[in-house]
Amino acid sequence: MLTAPKPGFELSLPAPAKLNLFLHIVGRRPDGYHLLQTAFRFIDFADTLHFRLRTDNHIRRLNDIPGVPEEQDLVVRAARLLQQYTGCRLGAEIEIEKKLPMGGGLGGGSSDAATALLALNKLWQLNLPREQLQEIGLQLGADVPVFIFGHNAFAEGVGEQLQEIQMDEAWYVVIIPPVQVPTAKIFSSERLTRNTPVIKVAAFPDAPTRNDLQPVVCEQYQEVNTAIKMLSQFGEAKMSGSGACVFVELKTRQAAENVVKSLSLEIKSVVARGLDGHPLLSM
Ligand SMILES: C[C@@](CO)(OP(=O)(O)O)[C@H](O)COP(=O)(O)OP(=O)(O)OC[C@H]1O[C@@H](n2ccc(N)nc2=O)[C@H](O)[C@@H]1O
Ligand SMILES: Nc1ncnc2c1ncn2[C@@H]1O[C@H](COP(=O)(O)OP(=O)(O)O)[C@@H](O)[C@H]1O
């Protein structure tokens with residue numbers, strides 16, 4: 001998955017999506033953030049980021065992303081935070097080839113930020129260890145650390161306490177409903193249950209699991225409800241994260257492609273392979 005840099009750039013790197021194979025809300029912190037348990041799996045559906053070194057300290061995003069002003073982009077914020085944290089006086093120009101849906105529950109923005117931290121750590125020759133990059137990443141969002149950790153993981157806390165888990169080969173059909181779900185809105189719902197009993201990591205994947213955010217999202221977004229119903233014909237369909245994307249697991253690529261063929265042409269979907277780890281794990 002690692003490719004030669006695009007001409008004119010020093011580095012071109014993937015930022016893969018994640019699926020939450022389950023997501024239990026087990027409590028709430030005094031600051032309002034939710035304690036959860038989840039299993040993160042990386043898939044081969046990804047954005048691509050291109051990095052060019054600047055010898056001044058400017059950080060520039062080269063392309064427009066509708067709905068995300070440059071200053072709010074998690075990639076730009078990650079780069080600035082890394083500069084602040086290390087005192088580094090170098091800068092970068094960054095192009096983001098966006099494929100992952102926004103507000104999709106696939107962690108696209110978080111993954112872009114994690115790839116930026118890993119890339120700039122190299123480009124600026126900072127040599128920070130991954131654990132330190134994970135701490136910096138956590139300041140940008142609860143989902144950022146796992147993309148730096150790099151292993152498929154069982155996660156606790158707000159998603160930052162990570163244990164590597166091995167996962168079997170699997171293929172996924174992911175439906176991308178035509179809606180964006182704001183994560184904060186779902187977490188603040190009165191209808192959300194916050195008392196699912198804690199499970200042990202060893203209980204996964206055999207223990208019965210679910211996504212506690214799913215009923216709340218399905219109630220508010222009919223498009224997500226419909227996608228779950230459609231995929232339920234083929235297996236246990238679940239929503240990823242706070243939605244809107246919905247997925248079902250299949251054993252082979254062929255089986256996944258057959259599911260896609262049987263869906264109406266109006267339904268936006270992708271077939272993705274479950275990865276053994278993040279493509280930048282060995283970086
Ligand atoms: C739900 C999950 C599951 O992996 O994924 P997504 O649907 O976003 O992909 C994550 O927990 C999301 O992580 P992330 O998207 O990084 O969330 P953040 O930016 O940190 O938080 C956005 C908002 O969601 C709420 N939030 C988030 C995480 C958490 N454990 N408890 C919360 O209550 C907070 O209101 C926060 O202001
Ligand atoms: N580089 C980026 N890519 C996508 N979204 C970004 C980015 N930077 C900031 N955001 C903001 O983060 C929000 C959540 O995006 P994303 O992480 O892709 O979805 P989710 O959290 O549902 O998995 C977007 O709606 C957008 O406002």
# chains A, B, ... in the order shown; residues from 1 in each chain; ligands from 1
$ select_by_dssp --residues "stretch 83-117 of chain A" --states "strand (DSSP E)" --output "tab-separated table (two decimals) with N, CA and C atoms, in the first residue's frame"
chain	number	residue	atom	x	y	z
A	91	GLY	N	8.10	23.74	8.24
A	91	GLY	CA	6.69	23.73	7.88
A	91	GLY	C	6.40	22.68	6.82
A	92	ALA	N	5.18	22.73	6.27
A	92	ALA	CA	4.81	21.73	5.26
A	92	ALA	C	3.65	22.20	4.41
A	93	GLU	N	3.63	21.69	3.18
A	93	GLU	CA	2.46	21.85	2.30
A	93	GLU	C	1.86	20.47	2.15
A	94	ILE	N	0.54	20.41	2.34
A	94	ILE	CA	-0.11	19.10	2.40
A	94	ILE	C	-1.32	19.06	1.47
A	95	GLU	N	-1.34	18.04	0.62
A	95	GLU	CA	-2.52	17.82	-0.24
A	95	GLU	C	-3.25	16.60	0.30
A	96	ILE	N	-4.57	16.73	0.43
A	96	ILE	CA	-5.37	15.61	0.96
A	96	ILE	C	-6.29	15.11	-0.15
A	97	GLU	N	-6.06	13.87	-0.59
A	97	GLU	CA	-7.00	13.24	-1.54
A	97	GLU	C	-8.05	12.53	-0.73
$ residues_near_ligand --ligand "ligand 2" --cutoff "8 Å" --atoms "only C-alpha atoms and all ligand atoms" --output "JSON, numbers by chain"
{"A": [65, 67, 68, 72, 73, 74, 75, 96, 98, 100, 101, 102, 103, 104, 105, 106, 107, 108, 109, 110, 111, 112, 113, 143, 180, 181, 182, 183, 241, 242, 243, 244]}
$ closest_residue --among "A:Val146, A:Ala170, A:Leu62, A:Leu11" --to "ligand 1" --atoms "only C-alpha atoms and all ligand atoms"
A:Val146
$ residues_around --residues "stretch 190-206 of chain A" --least-positions-apart "5" --cutoff "7 Å" --atoms "only C-alpha atoms" --output "ChimeraX atom specification"
/A:24-27,154,212-213,216
$ select_by_dssp --residues "stretch 59-186 of chain A" --states "helix (DSSP H, G or I)" --output "PyMOL selection string"
chain A and resi 70-72+74-86+108-123+130-138+144-149+183-186
$ write_last_selection --atoms "C-alpha atoms" --output "mmCIF file, in the first residue's frame"
data_model
loop_
_atom_site.group_PDB
_atom_site.id
_atom_site.type_symbol
_atom_site.label_atom_id
_atom_site.label_comp_id
_atom_site.auth_asym_id
_atom_site.auth_seq_id
_atom_site.Cartn_x
_atom_site.Cartn_y
_atom_site.Cartn_z
ATOM 1 C CA GLU A 70 -8.131 25.039 6.288
ATOM 2 C CA GLU A 71 -7.719 26.304 9.856
ATOM 3 C CA GLN A 72 -10.172 23.693 11.197
ATOM 4 C CA LEU A 74 -7.479 18.132 11.650
ATOM 5 C CA VAL A 75 -4.381 17.699 9.455
ATOM 6 C CA VAL A 76 -3.430 21.376 9.752
ATOM 7 C CA ARG A 77 -4.223 21.327 13.485
ATOM 8 C CA ALA A 78 -2.103 18.175 13.932
ATOM 9 C CA ALA A 79 0.849 19.808 12.167
ATOM 10 C CA ARG A 80 0.593 22.979 14.302
ATOM 11 C CA LEU A 81 0.298 20.959 17.504
ATOM 12 C CA LEU A 82 3.414 18.975 16.595
ATOM 13 C CA GLN A 83 5.295 22.237 15.958
ATOM 14 C CA GLN A 84 4.183 23.614 19.348
ATOM 15 C CA TYR A 85 5.029 20.414 21.154
ATOM 16 C CA THR A 86 8.549 20.109 19.715
ATOM 17 C CA GLY A 108 -11.421 9.722 8.172
ATOM 18 C CA GLY A 109 -10.487 13.039 9.771
ATOM 19 C CA SER A 110 -8.784 11.273 12.691
ATOM 20 C CA SER A 111 -6.877 8.989 10.345
ATOM 21 C CA ASP A 112 -5.733 11.963 8.236
ATOM 22 C CA ALA A 113 -4.462 13.634 11.435
ATOM 23 C CA ALA A 114 -2.618 10.476 12.531
ATOM 24 C CA THR A 115 -0.962 10.090 9.116
ATOM 25 C CA ALA A 116 0.089 13.756 9.278
ATOM 26 C CA LEU A 117 1.708 13.251 12.706
ATOM 27 C CA LEU A 118 3.561 10.131 11.503
ATOM 28 C CA ALA A 119 4.649 11.819 8.263
ATOM 29 C CA LEU A 120 5.838 15.088 9.810
ATOM 30 C CA ASN A 121 7.651 13.213 12.580
ATOM 31 C CA LYS A 122 9.752 11.761 9.718
ATOM 32 C CA LEU A 123 9.897 14.811 7.436
ATOM 33 C CA ARG A 130 4.719 6.430 18.774
ATOM 34 C CA GLU A 131 3.449 6.665 22.382
ATOM 35 C CA GLN A 132 4.216 10.393 22.410
ATOM 36 C CA LEU A 133 2.523 10.898 19.026
ATOM 37 C CA GLN A 134 -0.525 9.048 20.422
ATOM 38 C CA GLU A 135 -0.653 11.508 23.353
ATOM 39 C CA ILE A 136 -0.474 14.465 20.971
ATOM 40 C CA GLY A 137 -3.119 12.843 18.772
ATOM 41 C CA LEU A 138 -5.508 12.393 21.695
ATOM 42 C CA VAL A 144 -6.671 9.609 16.636
ATOM 43 C CA PRO A 145 -4.451 7.423 18.912
ATOM 44 C CA VAL A 146 -5.490 4.065 17.424
ATOM 45 C CA PHE A 147 -4.360 5.135 13.955
ATOM 46 C CA ILE A 148 -0.889 5.861 15.371
ATOM 47 C CA PHE A 149 -0.870 2.692 17.526
ATOM 48 C CA THR A 183 -20.670 12.656 16.638
ATOM 49 C CA ALA A 184 -21.287 15.145 19.487
ATOM 50 C CA LYS A 185 -25.041 15.239 18.807
ATOM 51 C CA ILE A 186 -25.356 11.462 19.188
#
$ residues_around --residues "A:Lys99" --least-positions-apart "3" --cutoff "9 Å" --atoms "only C-alpha atoms" --output "MDAnalysis selection string"
chainID A and resid 45:48 108
$ closest_residue --among "A:Ser240, A:Gln214, A:Gln220, A:Thr209" --to "ligand 1" --atoms "only C-alpha atoms and all ligand atoms"
A:Ser240
$ atom_distance --atom1 "atom CA of A:Met239" --atom2 "atom CA of A:Pro30"
27.0 Å
$ residues_around --residues "A:Lys268" --least-positions-apart "5" --cutoff "9 Å" --atoms "only C-alpha atoms" --output "VMD selection string"
chain A and resid 174 to 178
